[in-house]
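Novice: For reference, this is start_9.cif, and it has mmCIF, C-alpha atoms.
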data_start
loop_
_atom_site.label_atom_id
_atom_site.label_comp_id
_atom_site.auth_asym_id
_atom_site.auth_seq_id
_atom_site.Cartn_x
_atom_site.Cartn_y
_atom_site.Cartn_z
CA MET G 1 -5.21 -1.74 -27.01
CA GLY G 2 -6.15 -3.81 -24.01
CA ILE G 3 -7.57 -1.95 -21.03
CA ARG G 4 -9.56 1.26 -20.72
CA VAL G 5 -9.70 2.85 -17.28
CA ILE G 6 -13.29 3.68 -16.28
CA SER G 7 -12.37 4.75 -12.75
CA PRO G 8 -8.82 4.63 -11.44
CA GLY G 9 -9.25 3.79 -7.74
CA LEU G 10 -7.24 5.81 -5.23
CA ALA G 11 -3.71 5.55 -6.62
CA THR G 12 -3.37 2.68 -9.08
CA THR G 13 0.07 2.47 -10.70
CA VAL G 14 1.97 0.22 -13.09
CA GLN G 15 4.65 -1.68 -11.16
CA ASP G 16 7.10 -4.50 -11.82
CA LEU G 17 9.94 -5.75 -9.61
CA GLY G 18 11.58 -2.32 -9.63
CA ARG G 19 14.48 -0.28 -10.89
CA PRO G 20 17.58 -1.23 -8.88
CA GLY G 21 20.95 0.30 -9.66
CA TYR G 22 20.22 4.03 -9.52
CA TYR G 23 19.53 4.63 -5.84
CA HIS G 24 22.97 6.22 -5.39
CA LEU G 25 21.86 8.80 -7.95
CA GLY G 26 18.68 9.53 -6.03
CA ILE G 27 16.37 7.38 -8.15
CA PRO G 28 14.58 4.94 -5.88
CA LEU G 29 13.93 1.25 -6.42
CA SER G 30 10.18 1.65 -7.02
CA GLY G 31 8.36 -1.55 -8.03
CA ALA G 32 5.63 -3.42 -6.19
CA MET G 33 5.36 -2.80 -2.43
CA ASP G 34 4.53 -6.52 -2.08
CA ARG G 35 6.82 -8.17 -4.59
CA LEU G 36 5.87 -11.72 -3.59
CA ALA G 37 2.23 -10.97 -4.46
CA LEU G 38 3.30 -9.41 -7.78
CA ARG G 39 5.33 -12.50 -8.66
CA ALA G 40 2.41 -14.77 -7.72
CA ALA G 41 -0.05 -12.78 -9.85
CA ASN G 42 2.25 -12.95 -12.87
CA MET G 43 2.85 -16.69 -12.41
CA LEU G 44 -0.91 -17.28 -12.40
CA VAL G 45 -1.43 -15.67 -15.81
CA GLY G 46 1.61 -17.26 -17.48
CA ASN G 47 3.81 -14.13 -17.43
CA ASP G 48 7.42 -13.73 -16.44
CA GLU G 49 7.37 -13.10 -12.68
CA GLY G 50 8.73 -9.60 -13.19
CA ALA G 51 6.18 -8.49 -15.80
CA ALA G 52 4.47 -5.14 -15.26
CA ALA G 53 1.10 -5.33 -13.48
CA LEU G 54 -1.18 -2.86 -11.72
CA GLU G 55 -0.86 -2.08 -8.02
CA ALA G 56 -4.16 -0.85 -6.53
CA VAL G 57 -3.98 0.54 -3.02
CA PHE G 58 -6.99 0.48 -0.62
CA MET G 59 -9.52 0.78 -3.45
CA GLY G 60 -9.76 -1.08 -6.75
CA PRO G 61 -10.08 0.50 -10.18
CA GLU G 62 -12.82 -0.21 -12.70
CA LEU G 63 -11.32 -1.46 -15.95
CA GLU G 64 -12.95 -2.23 -19.28
CA PHE G 65 -11.08 -4.81 -21.33
CA THR G 66 -10.81 -4.11 -25.05
CA ALA G 67 -9.06 -7.43 -25.74
CA ASP G 68 -9.48 -10.94 -24.32
CA ALA G 69 -7.07 -11.66 -21.47
CA THR G 70 -6.36 -13.88 -18.49
CA VAL G 71 -6.26 -12.01 -15.19
CA ALA G 72 -5.24 -12.80 -11.61
CA ILE G 73 -5.56 -10.72 -8.42
CA THR G 74 -3.24 -11.33 -5.48
CA GLY G 75 -2.11 -9.45 -2.37
CA ALA G 76 -4.85 -7.62 -0.50
CA GLU G 77 -8.26 -9.23 -0.15
CA MET G 78 -10.21 -6.93 -2.45
CA PRO G 79 -12.70 -9.28 -4.12
CA PRO G 80 -12.65 -8.95 -7.94
CA LYS G 81 -15.78 -9.00 -10.10
CA VAL G 82 -16.24 -9.45 -13.86
CA ASP G 83 -19.38 -7.71 -15.09
CA GLY G 84 -20.51 -7.70 -11.44
CA GLU G 85 -19.93 -11.44 -10.91
CA ALA G 86 -17.54 -12.43 -8.11
CA ARG G 87 -14.21 -14.07 -8.92
CA ALA G 88 -11.72 -15.68 -6.54
CA GLY G 89 -8.45 -14.04 -5.51
CA TRP G 90 -5.08 -15.77 -6.08
CA THR G 91 -6.73 -17.64 -8.99
CA SER G 92 -6.60 -16.87 -12.72
CA PHE G 93 -9.78 -16.13 -14.68
CA ASP G 94 -10.67 -15.04 -18.20
CA VAL G 95 -11.94 -11.59 -19.09
CA LYS G 96 -13.42 -11.16 -22.56
CA SER G 97 -13.17 -8.05 -24.67
CA GLY G 98 -15.99 -5.71 -23.59
CA GLN G 99 -16.19 -7.04 -20.03
CA VAL G 100 -15.55 -4.86 -16.98
CA LEU G 101 -13.28 -5.82 -14.07
CA SER G 102 -14.19 -4.10 -10.80
CA PHE G 103 -13.59 -4.67 -7.10
CA ASP G 104 -15.48 -4.94 -3.86
CA PHE G 105 -14.43 -3.07 -0.69
CA LEU G 106 -11.04 -3.91 0.73
CA LYS G 107 -11.43 -6.66 3.34
CA ALA G 108 -7.84 -7.28 4.42
CA GLY G 109 -4.36 -6.12 3.45
CA ALA G 110 -3.74 -2.90 1.55
CA ARG G 111 -2.50 -3.49 -2.00
CA ALA G 112 -3.96 -5.74 -4.66
CA TYR G 113 -1.94 -6.77 -7.72
CA ILE G 114 -3.74 -7.09 -11.02
CA ALA G 115 -1.71 -9.19 -13.46
CA VAL G 116 -2.88 -9.52 -17.05
CA SER G 117 -1.56 -12.10 -19.54
CA GLY G 118 1.11 -10.43 -21.67
CA GLY G 119 1.81 -7.80 -19.00
CA VAL G 120 1.06 -4.08 -19.11
CA ASP G 121 2.97 -2.65 -22.06
CA VAL G 122 4.43 0.71 -21.10
CA PRO G 123 7.94 1.82 -22.14
CA GLU G 124 10.86 0.67 -20.00
CA VAL G 125 12.65 3.53 -18.28
CA LEU G 126 16.09 2.70 -16.85
CA GLY G 127 15.30 -0.99 -17.19
CA SER G 128 11.90 -1.01 -15.48
CA ARG G 129 8.23 -0.29 -16.20
CA SER G 130 7.59 0.73 -12.58
CA THR G 131 6.00 4.08 -11.82
CA TYR G 132 7.84 6.56 -9.59
CA THR G 133 5.13 9.20 -9.26
CA LEU G 134 7.16 11.68 -7.21
CA GLY G 135 9.73 11.85 -10.02
CA ALA G 136 7.13 11.45 -12.82
CA LEU G 137 9.23 8.55 -14.09
CA GLY G 138 8.25 5.26 -15.75
CA GLY G 139 4.89 3.51 -15.69
CA PHE G 140 2.00 5.11 -17.56
CA GLU G 141 3.19 8.67 -18.26
CA GLY G 142 4.98 8.73 -14.91
CA ARG G 143 1.75 8.97 -12.92
CA ALA G 144 -1.11 7.07 -11.31
CA LEU G 145 -3.88 5.97 -13.68
CA GLN G 146 -6.73 8.34 -14.51
CA ALA G 147 -10.18 7.79 -15.98
CA GLY G 148 -9.99 7.45 -19.76
CA ASP G 149 -6.41 6.09 -19.87
CA GLU G 150 -5.89 3.27 -22.36
CA LEU G 151 -3.28 0.66 -21.50
CA ALA G 152 -1.69 -1.61 -24.09
CA LEU G 153 -0.97 -5.23 -23.26
CA GLY G 154 1.94 -7.39 -24.37
CA GLU G 155 1.62 -10.70 -26.17
CA GLY G 156 0.77 -13.58 -23.91
CA LYS G 157 -1.74 -16.26 -23.11
CA GLY G 158 -2.63 -17.67 -19.72
CA ASP G 159 -5.02 -20.36 -18.56
CA ALA G 160 -8.00 -19.73 -16.31
CA GLY G 161 -8.27 -21.75 -13.10
CA ALA G 162 -4.62 -21.70 -11.96
CA THR G 163 -4.51 -21.09 -8.21
CA ILE G 164 -1.94 -20.50 -5.46
CA PRO G 165 -2.80 -22.85 -2.56
CA GLU G 166 -4.02 -20.96 0.51
CA LYS G 167 -1.17 -22.17 2.70
CA LEU G 168 1.32 -20.40 0.44
CA ARG G 169 -0.39 -17.00 0.53
CA ARG G 170 1.10 -14.40 2.86
CA GLY G 171 -0.36 -11.39 4.66
CA PRO G 172 0.52 -9.49 7.82
CA GLY G 173 -0.60 -10.95 11.16
CA SER G 174 -2.42 -8.94 13.80
CA PRO G 175 -0.58 -7.23 15.34
CA ALA G 176 1.82 -7.22 12.41
CA GLU G 177 5.38 -8.11 13.35
CA LEU G 178 8.29 -6.55 11.54
CA ARG G 179 11.71 -8.00 12.26
CA VAL G 180 14.51 -5.47 12.65
CA LEU G 181 18.30 -5.54 12.59
CA THR G 182 19.59 -2.63 14.66
CA GLY G 183 22.17 -0.48 12.91
CA ILE G 184 25.23 1.70 13.30
CA TYR G 185 23.35 4.55 15.03
CA TRP G 186 21.59 2.31 17.56
CA TYR G 187 24.14 3.36 20.24
CA ARG G 188 22.70 6.87 20.06
CA LEU G 189 19.59 5.75 21.99
CA THR G 190 19.51 5.34 25.75
CA GLU G 191 19.11 1.77 27.00
CA LYS G 192 15.61 2.63 28.17
CA ALA G 193 14.67 4.00 24.73
CA GLN G 194 16.10 0.91 23.03
CA ALA G 195 13.90 -1.32 25.20
CA ASN G 196 10.79 0.85 24.76
CA PHE G 197 11.03 0.77 20.98
CA PHE G 198 10.65 -3.00 20.85
CA GLU G 199 8.17 -3.17 23.75
CA ASP G 200 5.66 -0.69 22.35
CA THR G 201 2.79 -1.49 20.04
CA TRP G 202 2.83 1.03 17.21
CA LYS G 203 0.07 1.99 14.80
CA VAL G 204 0.36 2.68 11.09
CA ALA G 205 -0.12 6.42 10.49
CA PRO G 206 -2.63 7.34 7.76
CA GLU G 207 0.04 9.21 5.78
CA ALA G 208 2.07 5.99 5.23
CA ASP G 209 2.66 5.53 1.50
CA ARG G 210 5.05 4.10 -1.09
CA ILE G 211 7.82 6.45 0.04
CA GLY G 212 7.73 5.44 3.67
CA TYR G 213 5.55 3.87 6.32
CA ARG G 214 5.18 6.05 9.39
CA PHE G 215 4.14 4.58 12.74
CA ARG G 216 2.78 6.37 15.79
CA ASP G 217 1.44 5.78 19.31
CA GLY G 218 4.68 4.40 20.74
CA ARG G 219 6.83 6.31 23.23
CA PRO G 220 9.30 8.92 21.90
CA VAL G 221 12.94 7.91 22.30
CA ASP G 222 15.68 9.61 24.34
CA PHE G 223 19.16 10.05 22.98
CA VAL G 224 22.51 9.73 24.71
CA ASP G 225 23.91 13.26 25.24
CA ARG G 226 26.60 14.43 22.86
CA ALA G 227 27.98 17.51 21.17
CA PRO G 228 26.62 17.49 17.59
CA PRO G 229 29.42 16.53 15.17
CA PHE G 230 30.40 19.05 12.49
CA GLY G 231 27.77 18.97 9.75
CA ALA G 232 24.97 17.45 11.82
CA GLY G 233 22.00 19.55 12.89
CA SER G 234 21.39 20.41 16.53
CA ASP G 235 18.46 18.01 16.99
CA PRO G 236 19.70 14.80 18.61
CA SER G 237 17.98 12.76 15.86
CA ASN G 238 20.25 14.40 13.26
CA ILE G 239 23.40 12.90 11.82
CA VAL G 240 26.01 14.06 9.35
CA ASP G 241 24.20 13.23 6.09
CA GLY G 242 24.32 9.58 5.19
CA CYS G 243 22.83 7.04 2.77
CA TYR G 244 19.40 5.69 3.60
CA PRO G 245 19.04 1.99 2.80
CA TYR G 246 15.72 0.52 1.59
CA GLY G 247 13.96 -0.63 4.76
CA SER G 248 15.87 1.69 7.08
CA ILE G 249 13.96 3.12 10.03
CA GLN G 250 14.46 6.80 10.69
CA MET G 251 12.90 8.66 13.59
CA PRO G 252 12.85 12.43 12.98
CA GLY G 253 12.81 14.27 16.29
CA GLY G 254 12.85 10.90 18.05
CA THR G 255 9.05 10.60 17.92
CA GLU G 256 7.62 8.53 15.06
CA PRO G 257 9.55 5.82 13.20
CA ILE G 258 9.38 5.82 9.39
CA VAL G 259 10.36 2.73 7.41
CA LEU G 260 11.60 3.77 3.97
CA HIS G 261 10.02 1.76 1.18
CA ARG G 262 10.11 1.44 -2.63
CA ASP G 263 9.86 5.16 -3.56
CA ALA G 264 12.09 6.49 -0.77
CA VAL G 265 14.66 9.25 -0.83
CA SER G 266 18.20 7.86 -0.87
CA GLY G 267 19.92 9.95 1.76
CA GLY G 268 19.66 12.65 4.37
CA GLY G 269 20.41 13.73 7.89
CA TYR G 270 18.20 11.61 10.15
CA PHE G 271 19.70 8.83 12.23
CA MET G 272 18.42 5.34 11.49
CA LEU G 273 17.89 2.98 14.38
CA GLY G 274 18.00 -0.09 12.17
CA THR G 275 16.54 -1.79 9.11
CA VAL G 276 13.50 -3.98 8.60
CA ILE G 277 14.77 -7.31 7.24
CA SER G 278 14.21 -7.91 3.52
CA ALA G 279 11.85 -10.84 4.13
CA ASP G 280 9.36 -8.58 5.92
CA MET G 281 9.28 -5.64 3.51
CA ASP G 282 6.42 -7.16 1.48
CA LEU G 283 4.28 -7.33 4.63
CA ILE G 284 4.60 -3.57 5.12
CA GLY G 285 2.98 -3.09 1.71
CA GLN G 286 -0.12 -4.83 3.09
CA LEU G 287 -0.52 -2.70 6.25
CA GLN G 288 -3.61 -0.50 6.50
CA PRO G 289 -3.74 2.77 8.43
CA HIS G 290 -4.21 2.30 12.20
CA MET G 291 -3.02 -1.34 12.09
CA GLU G 292 -1.15 -2.42 15.19
CA THR G 293 2.48 -3.24 14.54
CA ARG G 294 5.36 -4.44 16.67
CA PHE G 295 9.03 -4.32 15.88
CA VAL G 296 10.98 -7.44 16.80
CA SER G 297 14.75 -7.41 17.25
CA VAL G 298 16.59 -10.17 15.36
CA ASP G 299 20.21 -10.95 14.47
CA MET G 300 21.77 -11.32 11.02
CA GLU G 301 21.53 -15.11 11.09
CA THR G 302 17.76 -14.94 11.64
CA ALA G 303 17.41 -12.32 8.89
CA LEU G 304 19.26 -14.49 6.39
CA ALA G 305 17.24 -17.58 7.39
CA ALA G 306 14.04 -15.58 6.84
CA ARG G 307 15.28 -14.53 3.43
CA ALA G 308 15.97 -18.18 2.55
CA ASP G 309 12.45 -19.12 3.77
CA ARG G 310 11.01 -16.49 1.48
CA ARG G 311 12.94 -17.93 -1.46
CA ALA G 312 11.69 -21.43 -0.57
CA LEU G 313 8.11 -20.15 -0.45
CA LEU G 314 8.49 -18.73 -3.95
CA ALA G 315 9.85 -22.09 -5.16
CA GLN G 316 6.83 -23.83 -3.61
CA MET G 317 4.51 -21.47 -5.48
CA ARG G 318 6.25 -22.26 -8.76
CA ASP G 319 6.01 -26.00 -8.01
CA ALA G 320 2.31 -25.73 -7.17
CA LEU G 321 1.62 -24.19 -10.58
CA SER G 322 3.81 -26.42 -12.72
CA MET H 1 -39.04 3.96 4.05
CA ALA H 2 -36.09 1.67 4.31
CA SER H 3 -32.94 2.94 5.90
CA LYS H 4 -29.71 2.51 3.97
CA GLN H 5 -26.09 2.98 4.90
CA ILE H 6 -23.28 4.83 3.18
CA LEU H 7 -20.11 2.75 3.46
CA SER H 8 -16.56 4.03 3.59
CA PRO H 9 -14.73 3.42 0.31
CA LEU H 10 -11.30 3.74 1.98
CA PRO H 11 -9.42 3.12 5.21
CA GLY H 12 -7.93 6.18 6.93
CA THR H 13 -9.06 8.96 9.22
CA PHE H 14 -12.59 10.33 8.86
CA TYR H 15 -13.39 14.04 9.09
CA ARG H 16 -16.92 15.36 9.25
CA LYS H 17 -15.96 18.89 8.24
CA PRO H 18 -13.86 20.49 5.48
CA ALA H 19 -11.58 22.31 7.97
CA PRO H 20 -11.25 22.44 11.77
CA ASP H 21 -12.95 25.86 11.99
CA GLN H 22 -15.84 24.96 9.67
CA PRO H 23 -19.21 23.37 10.42
CA ASN H 24 -19.90 19.70 9.68
CA TYR H 25 -20.82 18.87 6.08
CA LYS H 26 -24.05 17.25 7.30
CA GLN H 27 -25.92 16.95 10.59
CA ASP H 28 -28.32 14.26 11.73
CA GLY H 29 -31.72 15.14 10.25
CA ASP H 30 -30.32 17.03 7.21
CA ALA H 31 -31.63 16.39 3.72
CA LEU H 32 -29.15 14.55 1.53
CA ALA H 33 -28.96 14.68 -2.27
CA GLU H 34 -27.05 12.23 -4.41
CA GLY H 35 -23.49 13.53 -4.81
CA ASP H 36 -23.49 15.57 -1.58
CA VAL H 37 -20.23 15.39 0.35
CA ILE H 38 -20.67 13.79 3.77
CA GLY H 39 -17.06 13.83 4.94
CA LEU H 40 -13.36 13.49 4.12
CA ILE H 41 -11.04 10.53 4.48
CA GLU H 42 -7.37 11.25 4.99
CA VAL H 43 -5.00 8.59 3.71
CA MET H 44 -1.54 8.70 2.08
CA LYS H 45 -1.35 12.49 2.55
CA THR H 46 -4.50 13.07 0.50
CA PHE H 47 -7.98 14.09 1.58
CA ASN H 48 -10.70 12.24 -0.33
CA GLU H 49 -14.30 13.43 -0.38
CA VAL H 50 -16.92 10.84 0.44
CA LYS H 51 -20.07 11.48 -1.57
CA ALA H 52 -23.58 10.15 -1.07
CA GLU H 53 -24.50 7.62 -3.75
CA PHE H 54 -28.19 8.22 -3.11
CA GLY H 55 -30.41 10.90 -1.62
CA GLY H 56 -32.67 10.90 1.44
CA THR H 57 -32.53 12.16 5.01
CA VAL H 58 -29.57 11.69 7.32
CA VAL H 59 -30.83 9.57 10.20
CA LYS H 60 -27.58 9.31 12.07
CA PHE H 61 -23.81 9.54 11.68
CA LEU H 62 -22.21 6.30 12.88
CA ILE H 63 -18.72 7.77 13.17
CA GLU H 64 -17.18 10.74 14.99
CA ASN H 65 -14.90 13.43 13.58
CA GLU H 66 -11.26 12.23 13.39
CA ASP H 67 -12.16 8.58 14.07
CA PRO H 68 -10.12 5.88 12.35
CA VAL H 69 -12.16 4.20 9.61
CA MET H 70 -11.86 0.93 7.70
CA ALA H 71 -12.93 0.31 4.10
CA GLY H 72 -16.53 -0.95 4.00
CA GLN H 73 -17.37 0.49 7.44
CA PRO H 74 -20.84 2.09 7.68
CA LEU H 75 -20.56 5.89 8.01
CA VAL H 76 -24.11 7.22 7.89
CA GLU H 77 -27.59 5.84 8.14
CA VAL H 78 -29.92 7.40 5.57
CA ASP H 79 -33.69 7.21 5.18
CA GLY H 80 -34.71 7.34 1.59
#
Transcribe the structure of this file into structure tokens.
Specialist:
Amino acid sequence: MGIRVISPGLATTVQDLGRPGYYHLGIPLSGAMDRLALRAANMLVGNDEGAAALEAVFMGPELEFTADATVAITGAEMPPKVDGEARAGWTSFDVKSGQVLSFDFLKAGARAYIAVSGGVDVPEVLGSRSTYTLGALGGFEGRALQAGDELALGEGKGDAGATIPEKLRRGPGSPAELRVLTGIYWYRLTEKAQANFFEDTWKVAPEADRIGYRFRDGRPVDFVDRAPPFGAGSDPSNIVDGCYPYGSIQMPGGTEPIVLHRDAVSGGGYFMLGTVISADMDLIGQLQPHMETRFVSVDMETALAARADRRALLAQMRDALS
Amino acid sequence: MASKQILSPLPGTFYRKPAPDQPNYKQDGDALAEGDVIGLIEVMKTFNEVKAEFGGTVVKFLIENEDPVMAGQPLVEVDG
């Protein structure tokens, strides 16, 4: 085998880069909430960047290794320990068979990625090893890890001591800033509501999860009056059912925005005021409850430039390790 | 006797009682046994019990009902 789960943490799941291609059938993307951190962790232990790793949210698991392996932790600052001895984040280290990997309290961010040389060996489902817990699909038996689970590892060998330079690591600022492209329903808001949305400082709601990140504490929005079109509900935040893109921001009842994330539903009847740009989706995965967040309006050109920056950052990480 | 602190294992919202119409799990001055529940933390639509890792006497709660909490934040001071 490879890893025995002593304690699972809050909701630790197997994730890779996700399961694209089935969203139109209602099966979400899944995969790591912070895919840059997942890629970095895999690079550090000599895996393919898209290998399956563990995503631990808010609280680390306690894992006993039953085989020698190289391990790296990236993403949230949740200091790792081997047999109680501290190890550095964003840096690979060896764990011998019989040793226990555990974690200190979360210090910053929200989700830590635990990559192990060879990757976590669970069956591929629809082309991915990612866990979609709501649909009991993929990962380890379609669910979060539990005490006593035994995870197999693939073949692979990494080297201890590989590190991602600090200047290439990314986490959310404070307040976090999420860049937004407004969408086809934006006209539904009054001018005042449009301005308020970007002016307000929002706070991450405690119920935010892999399905969606809800924000509160900003002002509710007002809608332009209209007669509801056939098929839309009577609430002004309703639309005739449509597709929900990954990253889209819905606002049920016009009160609290929800950014759909990796395990989101694929469609429904809430208007979407816009979409968080792809380059900022990883940052959402590192937001803790109650964290202050602002939405920043950008245009398509800025969004594409940010995406290119993200790609360049990844290339710099690869260069730093080669 | 030295006073020790129980730290929050999770970020979220802290509740001192099991339900709005119920009394607090523990009051200042109460005896505390290892494994006793001292509160709940709500995060990601789940309520997680926070248990004492050691026994003693509750000196003081350092957090109010429904306060936001960060991981590692001291929740209770305990003599024991």
Novice: I want to know what sits within 8 Å of Ala69 of chain G, based on only C-alpha atoms, with residues of the same chain fewer than 5 positions away left out; could you give that as a ChimeraX atom specification?
Specialist: /G:94-97,116-117,157-158
Novice: Between atom CA of Gln73 of chain H and atom CA of Ile6 of chain H, what is the distance, to one decimal in Å?
Specialist: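 The value is 8.5 Å.
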Novice: Taking (-36.0, 13.9, -0.3) in the coordinates of the supplied file, I want to know which residues reach to within 12 Å of it, counting all atoms listed in the file; could you give the answer as JSON, numbers by chain?
Specialist: {"H": [1, 29, 30, 31, 32, 33, 34, 54, 55, 56, 57, 58, 78, 79, 80]}
Novice: At what distance in Å, to one decimal, does atom CA of Gln27 of chain H lie from atom CA of Lys60 of chain H?
Specialist: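 That distance, rounded to one decimal, is 8.0 Å.
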Novice: Enclose the full set of atoms of segment 19-36 of chain H listed in the file within a box whose edges lie along x, y and z, apply 6 Å of padding to each of the six sides, and report centre and edge lengths in Å to one decimal as lines of an AutoDock Vina configuration file.
Specialist:
center_x = -21.5
center_y = 19.0
center_z = 3.6
size_x = 32.5
size_y = 25.6
size_z = 28.8
Novice: Which residues are near Val57 of chain G? Cut-off 12 Å, all atoms listed in the file, ignore same chain within fewer than 5 positions. Put them as an NGL selection string.
Specialist: (:G and (8-14 or 32-34 or 75-78 or 103 or 105-106 or 108-114 or 144-145 or 208-210 or 285-289)) or (:H and (9-11 or 43-44 or 71))
Novice: Selection from above, C-alpha atoms, as a PDB file, in the frame of the given file, can you write it?
Specialist:
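So the final result, stored in result05.pdb, reads:
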ATOM      1  CA  PRO G   8      -8.820   4.630 -11.440  1.00  0.00           C
ATOM      2  CA  GLY G   9      -9.250   3.790  -7.740  1.00  0.00           C
ATOM      3  CA  LEU G  10      -7.240   5.810  -5.230  1.00  0.00           C
ATOM      4  CA  ALA G  11      -3.710   5.550  -6.620  1.00  0.00           C
ATOM      5  CA  THR G  12      -3.370   2.680  -9.080  1.00  0.00           C
ATOM      6  CA  THR G  13       0.070   2.470 -10.700  1.00  0.00           C
ATOM      7  CA  VAL G  14       1.970   0.220 -13.090  1.00  0.00           C
ATOM      8  CA  ALA G  32       5.630  -3.420  -6.190  1.00  0.00           C
ATOM      9  CA  MET G  33       5.360  -2.800  -2.430  1.00  0.00           C
ATOM     10  CA  ASP G  34       4.530  -6.520  -2.080  1.00  0.00           C
ATOM     11  CA  GLY G  75      -2.110  -9.450  -2.370  1.00  0.00           C
ATOM     12  CA  ALA G  76      -4.850  -7.620  -0.500  1.00  0.00           C
ATOM     13  CA  GLU G  77      -8.260  -9.230  -0.150  1.00  0.00           C
ATOM     14  CA  MET G  78     -10.210  -6.930  -2.450  1.00  0.00           C
ATOM     15  CA  PHE G 103     -13.590  -4.670  -7.100  1.00  0.00           C
ATOM     16  CA  PHE G 105     -14.430  -3.070  -0.690  1.00  0.00           C
ATOM     17  CA  LEU G 106     -11.040  -3.910   0.730  1.00  0.00           C
ATOM     18  CA  ALA G 108      -7.840  -7.280   4.420  1.00  0.00           C
ATOM     19  CA  GLY G 109      -4.360  -6.120   3.450  1.00  0.00           C
ATOM     20  CA  ALA G 110      -3.740  -2.900   1.550  1.00  0.00           C
ATOM     21  CA  ARG G 111      -2.500  -3.490  -2.000  1.00  0.00           C
ATOM     22  CA  ALA G 112      -3.960  -5.740  -4.660  1.00  0.00           C
ATOM     23  CA  TYR G 113      -1.940  -6.770  -7.720  1.00  0.00           C
ATOM     24  CA  ILE G 114      -3.740  -7.090 -11.020  1.00  0.00           C
ATOM     25  CA  ALA G 144      -1.110   7.070 -11.310  1.00  0.00           C
ATOM     26  CA  LEU G 145      -3.880   5.970 -13.680  1.00  0.00           C
ATOM     27  CA  ALA G 208       2.070   5.990   5.230  1.00  0.00           C
ATOM     28  CA  ASP G 209       2.660   5.530   1.500  1.00  0.00           C
ATOM     29  CA  ARG G 210       5.050   4.100  -1.090  1.00  0.00           C
ATOM     30  CA  GLY G 285       2.980  -3.090   1.710  1.00  0.00           C
ATOM     31  CA  GLN G 286      -0.120  -4.830   3.090  1.00  0.00           C
ATOM     32  CA  LEU G 287      -0.520  -2.700   6.250  1.00  0.00           C
ATOM     33  CA  GLN G 288      -3.610  -0.500   6.500  1.00  0.00           C
ATOM     34  CA  PRO G 289      -3.740   2.770   8.430  1.00  0.00           C
TER      35      PRO G 289
ATOM     36  CA  PRO H   9     -14.730   3.420   0.310  1.00  0.00           C
ATOM     37  CA  LEU H  10     -11.300   3.740   1.980  1.00  0.00           C
ATOM     38  CA  PRO H  11      -9.420   3.120   5.210  1.00  0.00           C
ATOM     39  CA  VAL H  43      -5.000   8.590   3.710  1.00  0.00           C
ATOM     40  CA  MET H  44      -1.540   8.700   2.080  1.00  0.00           C
ATOM     41  CA  ALA H  71     -12.930   0.310   4.100  1.00  0.00           C
TER      42      ALA H  71
END
Novice: Take the point (-18.9, 7.3, -0.7) as written in the file and pick out every residue within 8 Å of it, counting all atoms listed in the file; give the list as a list in words.
Specialist: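 With a cut-off of 8 Å, the residues come to Ile6, Leu7, Ser8, Pro9, Glu49, Val50, Lys51, Ala52 and Glu53 of chain H.
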